[in-house]
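Structure file final.cif; described as mmCIF, N, CA and C atoms and all ligand atoms.
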```
data_data
#
loop_
_atom_site.label_atom_id
_atom_site.label_comp_id
_atom_site.auth_asym_id
_atom_site.auth_seq_id
_atom_site.Cartn_x
_atom_site.Cartn_y
_atom_site.Cartn_z
N MET A 1 47.90 28.16 -26.79
CA MET A 1 48.31 26.82 -27.28
C MET A 1 47.25 25.80 -26.86
N ALA A 2 46.70 25.15 -27.83
CA ALA A 2 45.63 24.18 -27.53
C ALA A 2 46.21 22.93 -26.87
N ASP A 3 45.47 22.43 -25.94
CA ASP A 3 45.87 21.20 -25.27
C ASP A 3 45.52 20.04 -26.21
N HIS A 4 46.49 19.21 -26.51
CA HIS A 4 46.24 18.14 -27.48
C HIS A 4 45.51 16.95 -26.86
N LEU A 5 45.41 16.93 -25.55
CA LEU A 5 44.74 15.79 -24.92
C LEU A 5 43.24 16.03 -24.83
N SER A 6 42.47 15.05 -25.16
CA SER A 6 41.02 15.15 -24.95
C SER A 6 40.78 15.12 -23.44
N PRO A 7 39.63 15.64 -23.01
CA PRO A 7 39.36 15.60 -21.55
C PRO A 7 39.49 14.19 -20.98
N LYS A 8 39.07 13.21 -21.77
CA LYS A 8 39.11 11.83 -21.29
C LYS A 8 40.57 11.40 -21.05
N ASN A 9 41.42 11.70 -22.04
CA ASN A 9 42.82 11.32 -21.91
C ASN A 9 43.50 12.06 -20.78
N ARG A 10 43.12 13.33 -20.64
CA ARG A 10 43.74 14.10 -19.58
C ARG A 10 43.38 13.52 -18.22
N SER A 11 42.13 13.15 -18.05
CA SER A 11 41.76 12.60 -16.74
C SER A 11 42.43 11.25 -16.52
N LEU A 12 42.68 10.52 -17.61
CA LEU A 12 43.40 9.26 -17.47
C LEU A 12 44.83 9.54 -17.03
N ASN A 13 45.46 10.53 -17.66
CA ASN A 13 46.82 10.89 -17.27
C ASN A 13 46.90 11.30 -15.81
N MET A 14 45.94 12.13 -15.39
CA MET A 14 45.96 12.59 -14.02
C MET A 14 45.72 11.45 -13.06
N SER A 15 44.86 10.53 -13.45
CA SER A 15 44.57 9.44 -12.53
C SER A 15 45.78 8.50 -12.42
N LEU A 16 46.63 8.50 -13.45
CA LEU A 16 47.83 7.66 -13.36
C LEU A 16 48.81 8.23 -12.34
N ILE A 17 48.75 9.54 -12.14
CA ILE A 17 49.68 10.18 -11.22
C ILE A 17 49.29 9.90 -9.77
N LYS A 18 47.99 9.94 -9.50
CA LYS A 18 47.54 9.70 -8.13
C LYS A 18 47.61 8.22 -7.81
N SER A 19 48.26 7.90 -6.69
CA SER A 19 48.48 6.48 -6.39
C SER A 19 47.19 5.77 -6.05
N LYS A 20 46.17 6.54 -5.67
CA LYS A 20 44.90 5.94 -5.30
C LYS A 20 44.26 5.19 -6.46
N ASN A 21 44.56 5.69 -7.66
CA ASN A 21 43.95 5.09 -8.84
C ASN A 21 44.85 3.98 -9.38
N THR A 22 44.51 2.78 -9.02
CA THR A 22 45.35 1.66 -9.42
C THR A 22 45.06 1.27 -10.86
N LEU A 23 45.97 0.53 -11.44
CA LEU A 23 45.80 0.09 -12.82
C LEU A 23 44.48 -0.65 -13.05
N PRO A 24 44.11 -1.58 -12.18
CA PRO A 24 42.80 -2.24 -12.38
C PRO A 24 41.64 -1.24 -12.43
N GLU A 25 41.67 -0.22 -11.55
CA GLU A 25 40.61 0.79 -11.55
C GLU A 25 40.60 1.54 -12.87
N ILE A 26 41.76 1.92 -13.34
CA ILE A 26 41.87 2.66 -14.59
C ILE A 26 41.32 1.84 -15.75
N ARG A 27 41.61 0.54 -15.71
CA ARG A 27 41.11 -0.34 -16.79
C ARG A 27 39.58 -0.41 -16.78
N VAL A 28 39.01 -0.57 -15.59
CA VAL A 28 37.55 -0.64 -15.49
C VAL A 28 36.93 0.66 -15.99
N ARG A 29 37.51 1.78 -15.57
CA ARG A 29 36.97 3.08 -15.99
C ARG A 29 37.07 3.26 -17.49
N SER A 30 38.16 2.81 -18.08
CA SER A 30 38.30 3.03 -19.52
C SER A 30 37.28 2.18 -20.30
N VAL A 31 37.01 0.97 -19.82
CA VAL A 31 35.97 0.15 -20.48
C VAL A 31 34.60 0.81 -20.32
N LEU A 32 34.32 1.34 -19.13
CA LEU A 32 33.03 2.01 -18.91
C LEU A 32 32.88 3.24 -19.81
N HIS A 33 33.97 3.99 -19.95
CA HIS A 33 33.95 5.15 -20.85
C HIS A 33 33.59 4.71 -22.26
N ARG A 34 34.25 3.63 -22.69
CA ARG A 34 34.04 3.14 -24.04
C ARG A 34 32.59 2.71 -24.25
N LEU A 35 31.98 2.19 -23.18
CA LEU A 35 30.58 1.77 -23.27
C LEU A 35 29.63 2.96 -23.17
N GLY A 36 30.20 4.15 -22.95
CA GLY A 36 29.38 5.36 -22.94
C GLY A 36 28.88 5.80 -21.58
N PHE A 37 29.45 5.25 -20.52
CA PHE A 37 29.01 5.62 -19.18
C PHE A 37 29.79 6.82 -18.64
N ARG A 38 29.08 7.62 -17.85
CA ARG A 38 29.71 8.70 -17.10
C ARG A 38 29.62 8.33 -15.63
N PHE A 39 30.66 8.65 -14.89
CA PHE A 39 30.67 8.21 -13.49
C PHE A 39 31.55 9.12 -12.67
N ARG A 40 31.42 9.00 -11.36
CA ARG A 40 32.32 9.70 -10.44
C ARG A 40 33.25 8.68 -9.81
N LYS A 41 34.40 9.21 -9.35
CA LYS A 41 35.41 8.31 -8.79
C LYS A 41 35.57 8.57 -7.29
N ASN A 42 35.89 7.50 -6.58
CA ASN A 42 36.27 7.60 -5.16
C ASN A 42 35.35 8.54 -4.37
N VAL A 43 34.10 8.17 -4.31
CA VAL A 43 33.11 9.03 -3.65
C VAL A 43 33.14 8.78 -2.15
N LYS A 44 33.75 9.71 -1.43
CA LYS A 44 33.99 9.54 0.01
C LYS A 44 32.70 9.56 0.84
N LYS A 45 31.67 10.24 0.30
CA LYS A 45 30.41 10.32 1.03
C LYS A 45 29.76 8.96 1.21
N LEU A 46 30.08 8.02 0.31
CA LEU A 46 29.43 6.72 0.36
C LEU A 46 30.30 5.71 1.11
N SER A 47 29.63 4.81 1.79
CA SER A 47 30.28 3.79 2.59
C SER A 47 31.36 3.05 1.79
N GLY A 48 32.57 3.04 2.32
CA GLY A 48 33.65 2.31 1.67
C GLY A 48 34.32 3.07 0.54
N THR A 49 33.92 4.33 0.30
CA THR A 49 34.46 5.13 -0.80
C THR A 49 34.54 4.33 -2.10
N PRO A 50 33.36 4.06 -2.70
CA PRO A 50 33.38 3.25 -3.92
C PRO A 50 34.28 3.85 -5.01
N ASP A 51 34.99 2.98 -5.72
CA ASP A 51 35.93 3.42 -6.75
C ASP A 51 35.20 4.10 -7.90
N ILE A 52 34.01 3.59 -8.21
CA ILE A 52 33.25 4.10 -9.34
C ILE A 52 31.78 4.23 -8.93
N VAL A 53 31.20 5.37 -9.20
CA VAL A 53 29.78 5.59 -8.86
C VAL A 53 29.03 6.04 -10.10
N LEU A 54 28.08 5.21 -10.53
CA LEU A 54 27.19 5.53 -11.64
C LEU A 54 25.87 5.98 -11.02
N ARG A 55 25.85 7.26 -10.67
CA ARG A 55 24.73 7.77 -9.88
C ARG A 55 23.39 7.62 -10.61
N LYS A 56 23.42 7.90 -11.90
CA LYS A 56 22.20 7.84 -12.70
C LYS A 56 21.55 6.45 -12.63
N TYR A 57 22.37 5.45 -12.40
CA TYR A 57 21.89 4.07 -12.39
C TYR A 57 21.90 3.48 -10.99
N ASN A 58 22.08 4.33 -9.99
CA ASN A 58 22.13 3.83 -8.61
C ASN A 58 23.11 2.69 -8.43
N THR A 59 24.23 2.80 -9.10
CA THR A 59 25.16 1.68 -9.11
C THR A 59 26.56 2.12 -8.67
N VAL A 60 27.14 1.32 -7.79
CA VAL A 60 28.54 1.55 -7.44
C VAL A 60 29.35 0.31 -7.79
N ILE A 61 30.60 0.54 -8.13
CA ILE A 61 31.50 -0.57 -8.45
C ILE A 61 32.75 -0.44 -7.59
N PHE A 62 33.05 -1.51 -6.89
CA PHE A 62 34.32 -1.60 -6.18
C PHE A 62 35.29 -2.41 -7.03
N VAL A 63 36.48 -1.89 -7.19
CA VAL A 63 37.52 -2.66 -7.88
C VAL A 63 38.48 -3.12 -6.79
N HIS A 64 38.44 -4.43 -6.52
CA HIS A 64 39.18 -4.96 -5.38
C HIS A 64 40.47 -5.64 -5.80
N GLY A 65 41.53 -5.35 -5.06
CA GLY A 65 42.77 -6.10 -5.22
C GLY A 65 42.57 -7.50 -4.65
N CYS A 66 43.01 -8.51 -5.40
CA CYS A 66 42.75 -9.90 -5.00
C CYS A 66 43.44 -10.27 -3.68
N PHE A 67 44.63 -9.72 -3.47
CA PHE A 67 45.39 -10.05 -2.26
C PHE A 67 44.74 -9.42 -1.02
N TRP A 68 44.54 -8.12 -1.04
CA TRP A 68 44.06 -7.42 0.14
C TRP A 68 42.60 -7.74 0.47
N HIS A 69 41.83 -8.04 -0.54
CA HIS A 69 40.40 -8.28 -0.30
C HIS A 69 40.05 -9.76 -0.36
N CYS A 70 41.08 -10.60 -0.43
CA CYS A 70 40.90 -12.06 -0.34
C CYS A 70 39.93 -12.61 -1.39
N HIS A 71 40.29 -12.49 -2.63
CA HIS A 71 39.46 -13.05 -3.69
C HIS A 71 39.47 -14.58 -3.56
N GLU A 72 38.30 -15.11 -3.25
CA GLU A 72 38.20 -16.54 -2.97
C GLU A 72 38.59 -17.37 -4.19
N GLY A 73 39.45 -18.35 -3.97
CA GLY A 73 39.84 -19.26 -5.04
C GLY A 73 40.80 -18.65 -6.05
N CYS A 74 41.31 -17.46 -5.77
CA CYS A 74 42.19 -16.79 -6.72
C CYS A 74 43.65 -17.03 -6.34
N LYS A 75 44.48 -17.23 -7.35
CA LYS A 75 45.90 -17.48 -7.13
C LYS A 75 46.59 -16.34 -6.38
N LYS A 76 46.10 -15.12 -6.64
CA LYS A 76 46.75 -13.94 -6.05
C LYS A 76 46.37 -13.74 -4.58
N SER A 77 45.40 -14.51 -4.13
CA SER A 77 44.93 -14.34 -2.77
C SER A 77 45.59 -15.35 -1.84
N ASN A 78 46.92 -15.36 -1.83
CA ASN A 78 47.69 -16.30 -1.01
C ASN A 78 47.90 -15.80 0.41
N MET A 79 47.82 -16.71 1.35
CA MET A 79 48.16 -16.36 2.72
C MET A 79 49.69 -16.32 2.84
N PRO A 80 50.26 -15.20 3.29
CA PRO A 80 51.72 -15.16 3.47
C PRO A 80 52.18 -16.25 4.44
N LYS A 81 53.39 -16.77 4.19
CA LYS A 81 53.87 -17.92 4.97
C LYS A 81 54.30 -17.54 6.39
N SER A 82 54.73 -16.28 6.59
CA SER A 82 55.12 -15.88 7.94
C SER A 82 54.11 -14.88 8.50
N ASN A 83 54.17 -14.70 9.83
CA ASN A 83 53.21 -13.81 10.51
C ASN A 83 51.77 -14.16 10.17
N THR A 84 51.49 -15.42 10.10
CA THR A 84 50.18 -15.86 9.62
C THR A 84 49.02 -15.30 10.44
N ASP A 85 49.21 -15.24 11.78
CA ASP A 85 48.12 -14.72 12.62
C ASP A 85 47.81 -13.27 12.29
N TYR A 86 48.88 -12.50 12.13
CA TYR A 86 48.71 -11.08 11.79
C TYR A 86 47.91 -10.94 10.48
N TRP A 87 48.34 -11.66 9.48
CA TRP A 87 47.68 -11.55 8.17
C TRP A 87 46.25 -12.05 8.22
N LYS A 88 46.07 -13.15 8.95
CA LYS A 88 44.74 -13.73 9.03
C LYS A 88 43.76 -12.71 9.61
N SER A 89 44.17 -12.05 10.69
CA SER A 89 43.26 -11.09 11.32
C SER A 89 43.08 -9.87 10.42
N LYS A 90 44.15 -9.46 9.74
CA LYS A 90 44.06 -8.32 8.84
C LYS A 90 43.08 -8.61 7.69
N PHE A 91 43.24 -9.80 7.11
CA PHE A 91 42.37 -10.18 6.00
C PHE A 91 40.91 -10.29 6.44
N GLU A 92 40.72 -10.89 7.62
CA GLU A 92 39.34 -11.03 8.12
C GLU A 92 38.68 -9.67 8.30
N LYS A 93 39.47 -8.70 8.80
CA LYS A 93 38.93 -7.35 8.98
C LYS A 93 38.58 -6.72 7.64
N ASN A 94 39.47 -6.91 6.67
CA ASN A 94 39.20 -6.34 5.33
C ASN A 94 37.92 -6.91 4.74
N VAL A 95 37.79 -8.24 4.83
CA VAL A 95 36.62 -8.89 4.25
C VAL A 95 35.35 -8.44 4.97
N GLN A 96 35.43 -8.35 6.31
CA GLN A 96 34.25 -7.92 7.07
C GLN A 96 33.87 -6.48 6.72
N ARG A 97 34.88 -5.63 6.55
CA ARG A 97 34.63 -4.24 6.19
C ARG A 97 33.94 -4.17 4.82
N ASP A 98 34.43 -4.99 3.89
CA ASP A 98 33.80 -5.02 2.56
C ASP A 98 32.33 -5.41 2.65
N ILE A 99 32.06 -6.45 3.46
CA ILE A 99 30.68 -6.92 3.61
C ILE A 99 29.82 -5.83 4.23
N ASN A 100 30.34 -5.17 5.27
CA ASN A 100 29.58 -4.10 5.93
C ASN A 100 29.27 -2.96 4.96
N ASN A 101 30.29 -2.54 4.21
CA ASN A 101 30.08 -1.45 3.25
C ASN A 101 29.03 -1.83 2.22
N GLN A 102 29.14 -3.04 1.74
CA GLN A 102 28.21 -3.52 0.72
C GLN A 102 26.78 -3.53 1.26
N ASN A 103 26.63 -4.03 2.50
CA ASN A 103 25.29 -4.08 3.11
C ASN A 103 24.71 -2.69 3.30
N THR A 104 25.55 -1.76 3.79
CA THR A 104 25.07 -0.40 4.01
C THR A 104 24.58 0.21 2.71
N LEU A 105 25.37 0.05 1.65
CA LEU A 105 24.99 0.64 0.35
C LEU A 105 23.73 -0.01 -0.21
N THR A 106 23.65 -1.34 -0.07
CA THR A 106 22.47 -2.05 -0.57
C THR A 106 21.21 -1.56 0.14
N GLU A 107 21.33 -1.37 1.46
CA GLU A 107 20.18 -0.87 2.23
C GLU A 107 19.76 0.52 1.77
N LEU A 108 20.71 1.31 1.29
CA LEU A 108 20.40 2.66 0.80
C LEU A 108 19.88 2.64 -0.65
N GLY A 109 19.78 1.44 -1.21
CA GLY A 109 19.20 1.32 -2.54
C GLY A 109 20.19 1.30 -3.70
N TRP A 110 21.47 1.15 -3.39
CA TRP A 110 22.47 1.07 -4.45
C TRP A 110 22.63 -0.37 -4.95
N ASN A 111 22.87 -0.52 -6.24
CA ASN A 111 23.36 -1.80 -6.75
C ASN A 111 24.85 -1.80 -6.50
N VAL A 112 25.34 -2.85 -5.88
CA VAL A 112 26.77 -2.90 -5.58
C VAL A 112 27.42 -4.03 -6.37
N PHE A 113 28.39 -3.68 -7.19
CA PHE A 113 29.13 -4.67 -7.96
C PHE A 113 30.59 -4.66 -7.55
N THR A 114 31.18 -5.84 -7.60
CA THR A 114 32.62 -5.94 -7.32
C THR A 114 33.32 -6.50 -8.55
N VAL A 115 34.39 -5.82 -8.95
CA VAL A 115 35.24 -6.35 -10.01
C VAL A 115 36.59 -6.64 -9.37
N TRP A 116 37.10 -7.83 -9.63
CA TRP A 116 38.38 -8.22 -9.03
C TRP A 116 39.52 -7.86 -9.96
N GLU A 117 40.63 -7.53 -9.32
CA GLU A 117 41.86 -7.18 -10.03
C GLU A 117 42.18 -8.16 -11.16
N CYS A 118 42.08 -9.48 -10.85
CA CYS A 118 42.47 -10.48 -11.85
C CYS A 118 41.50 -10.51 -13.04
N GLU A 119 40.34 -9.88 -12.89
CA GLU A 119 39.37 -9.85 -13.99
C GLU A 119 39.60 -8.66 -14.92
N THR A 120 40.61 -7.83 -14.59
CA THR A 120 40.84 -6.62 -15.38
C THR A 120 42.02 -6.75 -16.33
N LYS A 121 42.73 -7.87 -16.26
CA LYS A 121 43.94 -8.04 -17.07
C LYS A 121 43.62 -8.01 -18.57
N ASP A 122 42.54 -8.68 -18.92
CA ASP A 122 42.15 -8.82 -20.32
C ASP A 122 40.92 -7.92 -20.54
N LEU A 123 41.09 -6.89 -21.36
CA LEU A 123 40.02 -5.90 -21.52
C LEU A 123 38.77 -6.48 -22.17
N VAL A 124 38.95 -7.45 -23.04
CA VAL A 124 37.79 -8.08 -23.68
C VAL A 124 37.00 -8.85 -22.62
N PHE A 125 37.72 -9.60 -21.80
CA PHE A 125 37.08 -10.33 -20.71
C PHE A 125 36.40 -9.36 -19.75
N LEU A 126 37.09 -8.27 -19.44
CA LEU A 126 36.56 -7.28 -18.50
C LEU A 126 35.25 -6.67 -19.01
N GLU A 127 35.23 -6.37 -20.29
CA GLU A 127 34.01 -5.79 -20.86
C GLU A 127 32.85 -6.79 -20.74
N LYS A 128 33.15 -8.06 -21.03
CA LYS A 128 32.11 -9.10 -20.90
C LYS A 128 31.63 -9.20 -19.47
N LYS A 129 32.57 -9.14 -18.55
CA LYS A 129 32.24 -9.23 -17.12
C LYS A 129 31.31 -8.08 -16.71
N LEU A 130 31.66 -6.86 -17.13
CA LEU A 130 30.84 -5.71 -16.77
C LEU A 130 29.45 -5.83 -17.38
N LEU A 131 29.40 -6.26 -18.64
CA LEU A 131 28.10 -6.41 -19.29
C LEU A 131 27.25 -7.46 -18.58
N SER A 132 27.90 -8.52 -18.12
CA SER A 132 27.12 -9.57 -17.44
C SER A 132 26.61 -9.07 -16.09
N LEU A 133 27.40 -8.24 -15.42
CA LEU A 133 26.92 -7.64 -14.17
C LEU A 133 25.73 -6.71 -14.45
N PHE A 134 25.85 -5.94 -15.54
CA PHE A 134 24.83 -4.95 -15.86
C PHE A 134 23.53 -5.60 -16.34
N GLU A 135 23.62 -6.84 -16.80
CA GLU A 135 22.42 -7.56 -17.22
C GLU A 135 21.37 -7.59 -16.11
N LYS A 136 21.87 -7.48 -14.88
CA LYS A 136 20.96 -7.57 -13.73
C LYS A 136 20.17 -6.29 -13.52
N ASN A 137 20.50 -5.26 -14.29
CA ASN A 137 19.86 -3.97 -14.08
C ASN A 137 19.42 -3.37 -15.41
N ASN A 138 18.11 -3.24 -15.57
CA ASN A 138 17.55 -2.81 -16.86
C ASN A 138 18.04 -1.45 -17.34
N SER A 139 18.11 -0.48 -16.41
CA SER A 139 18.47 0.86 -16.85
C SER A 139 19.92 0.89 -17.34
N LEU A 140 20.77 0.08 -16.74
CA LEU A 140 22.17 0.01 -17.18
C LEU A 140 22.27 -0.59 -18.57
N ILE A 141 21.58 -1.66 -18.78
CA ILE A 141 21.70 -2.38 -20.05
C ILE A 141 21.07 -1.58 -21.18
N LYS A 142 20.04 -0.80 -20.86
CA LYS A 142 19.41 0.04 -21.88
C LYS A 142 20.38 1.09 -22.41
N ASN A 143 21.23 1.58 -21.53
CA ASN A 143 22.21 2.60 -21.90
C ASN A 143 23.19 2.08 -22.95
N ILE A 144 23.46 0.79 -22.91
CA ILE A 144 24.45 0.21 -23.82
C ILE A 144 23.83 -0.11 -25.17
N ARG A 145 22.60 -0.56 -25.14
CA ARG A 145 21.98 -1.00 -26.39
C ARG A 145 21.39 0.14 -27.20
ZN ZN B 1 41.50 -12.62 -8.23
#
```
Represent the structure of the file as C-alpha cells.
Ligand SMILES: [Zn+2]
Amino acid sequence: MADHLSPKNRSLNMSLIKSKNTLPEIRVRSVLHRLGFRFRKNVKKLSGTPDIVLRKYNTVIFVHGCFWHCHEGCKKSNMPKSNTDYWKSKFEKNVQRDINNQNTLTELGWNVFTVWECETKDLVFLEKKLLSLFEKNNSLIKNIR
C-alpha cells in the first residue's frame, strides 16, 4: 500500500507530534521548503541547538518564542506581574544564553539569524522577513533567484 503522504508532508506530520517542534518553527520550515531550501533541524552539536541549520550556506536560524526570549518591544514579551524577581533573573539568563550561543556560532563562521514567534503568524510577512535576512548573504539569495 503506497503511502499517500509526500516525504515533505510526512516530516511535517511527524514534527507536529514532537513537542520540540513548535508551530512557529514549523511555519519557518515550511516557508524555507517552499523557497527550495534543504536544512537540518535541532542540531545538538551546535551551540544552542539551532532550530534550523542550512549547512550549505553556513547559516543557522533560531526561532525564538517572544515571551521566553524577551523579544524587545513585543507585546508578547510581558513581565509577569507576580514573582517579578524570579522572572527577571530567568529572562536575563535566557537572553544571556542566546547572546553567548550566537557569539560562539558567529566565531565559528556561521551566519546566525533569529526569527521571532510574532513574525511567523503571517506567512507572506514571514517569507519577506526571511528573504530580507538572506539578502545579507550572496549564496543564500542566489539559491532563490
Ligand atoms: Zn515578538
query = So what do you get for atom CA of Thr59 of chain A versus atom CA of Lys76 of chain A, distance-wise?
reply = 26.8 Å
task = Calculate how many Å separate atom CA of Ile61 of chain A from atom CA of Val43 of chain A, rounding to one decimal.
result = 10.9 Å
remark   = Pairwise distance, atom CA of Cys74 of chain A with atom CA of Glu117 of chain A, equals 10.2 Å
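Taking all atoms listed in the file into account, the protein and nucleic acid residues that come at most 6.5 Å from ligand ZN 1 (chain B) are Gly65, Cys66, Phe67, His71, Glu72, Gly73, Cys74, Lys75, Lys76, Ser77, Trp116, Glu117, Cys118 and Glu119 of chain A.
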Sel. of strand (DSSP E) residues, chain A, as an MDAnalysis selection string = chainID A and resid 40:41 52:54 59:64 111:116
message = For the structure I just gave you, how does DSSP split chain A - specifically, which residues are alpha helix (DSSP H)? Reply as a PyMOL selection string.
response = chain A and resi 7-17+23-34+84-107+123-134+138-144
ask   = Using only N, CA and C atoms, can you list as a PyMOL selection string the residues within 5 Å of (36.5, 0.5, -3.0)?
value = chain A and resi 48-51+62-63
task = Would you kindly return, as a PyMOL selection string, each protein, DNA or RNA residue with an atom no farther than 7 Å from any atom of segment 25-39 of chain A, considering only C-alpha atoms and excluding same-chain residues fewer than 5 positions away?
result = chain A and resi 52-55+63+120+127+144
Residue with smallest distance to Asn111 of chain A - pool A:Asn58, A:Ser47, A:Gln96, A:Ser132, counting all atoms listed in the file =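 For Asn111 of chain A, the nearest of the candidates is A:Asn58.
For the set A:Leu123, A:Leu46, A:Val115, A:Ile141, the residue with the smallest atom-to-atom gap to Asn101 of chain A is A:Leu46, counting all atoms listed in the file.
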All residues 7 Å or closer to segment 79-91 of chain A, all atoms listed in the file, same chain fewer than 4 positions away omitted, as a PyMOL selection string = chain A and resi 68-70+95-96
Draw an axis-aligned box tight on the listed atoms of segment 48-54 of chain A, then pad every side by 8 Å and write out centre and edge lengths in Å to one decimal as AutoDock Vina command-line options.
```
--center_x 30.9 --center_y 4.2 --center_z -4.7 --size_x 26.1 --size_y 19.7 --size_z 30.0
```
ask   = Of the candidates A:Thr114, A:Asn100, A:Gly109, A:Arg40, which shows the shortest atom-to-atom distance to Leu126 of chain A, using only C-alpha atoms?
value =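 When distances to Leu126 of chain A are compared using only C-alpha atoms, the smallest one comes from A:Thr114.
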request  = Compare A:Tyr57, A:Phe113, A:Leu105, A:His64 by their minimum atom-to-atom distance to Lys142 of chain A, counting only C-alpha atoms, and give me the closest one.
outcome  =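 Smallest distance to Lys142 of chain A is found for A:Tyr57.
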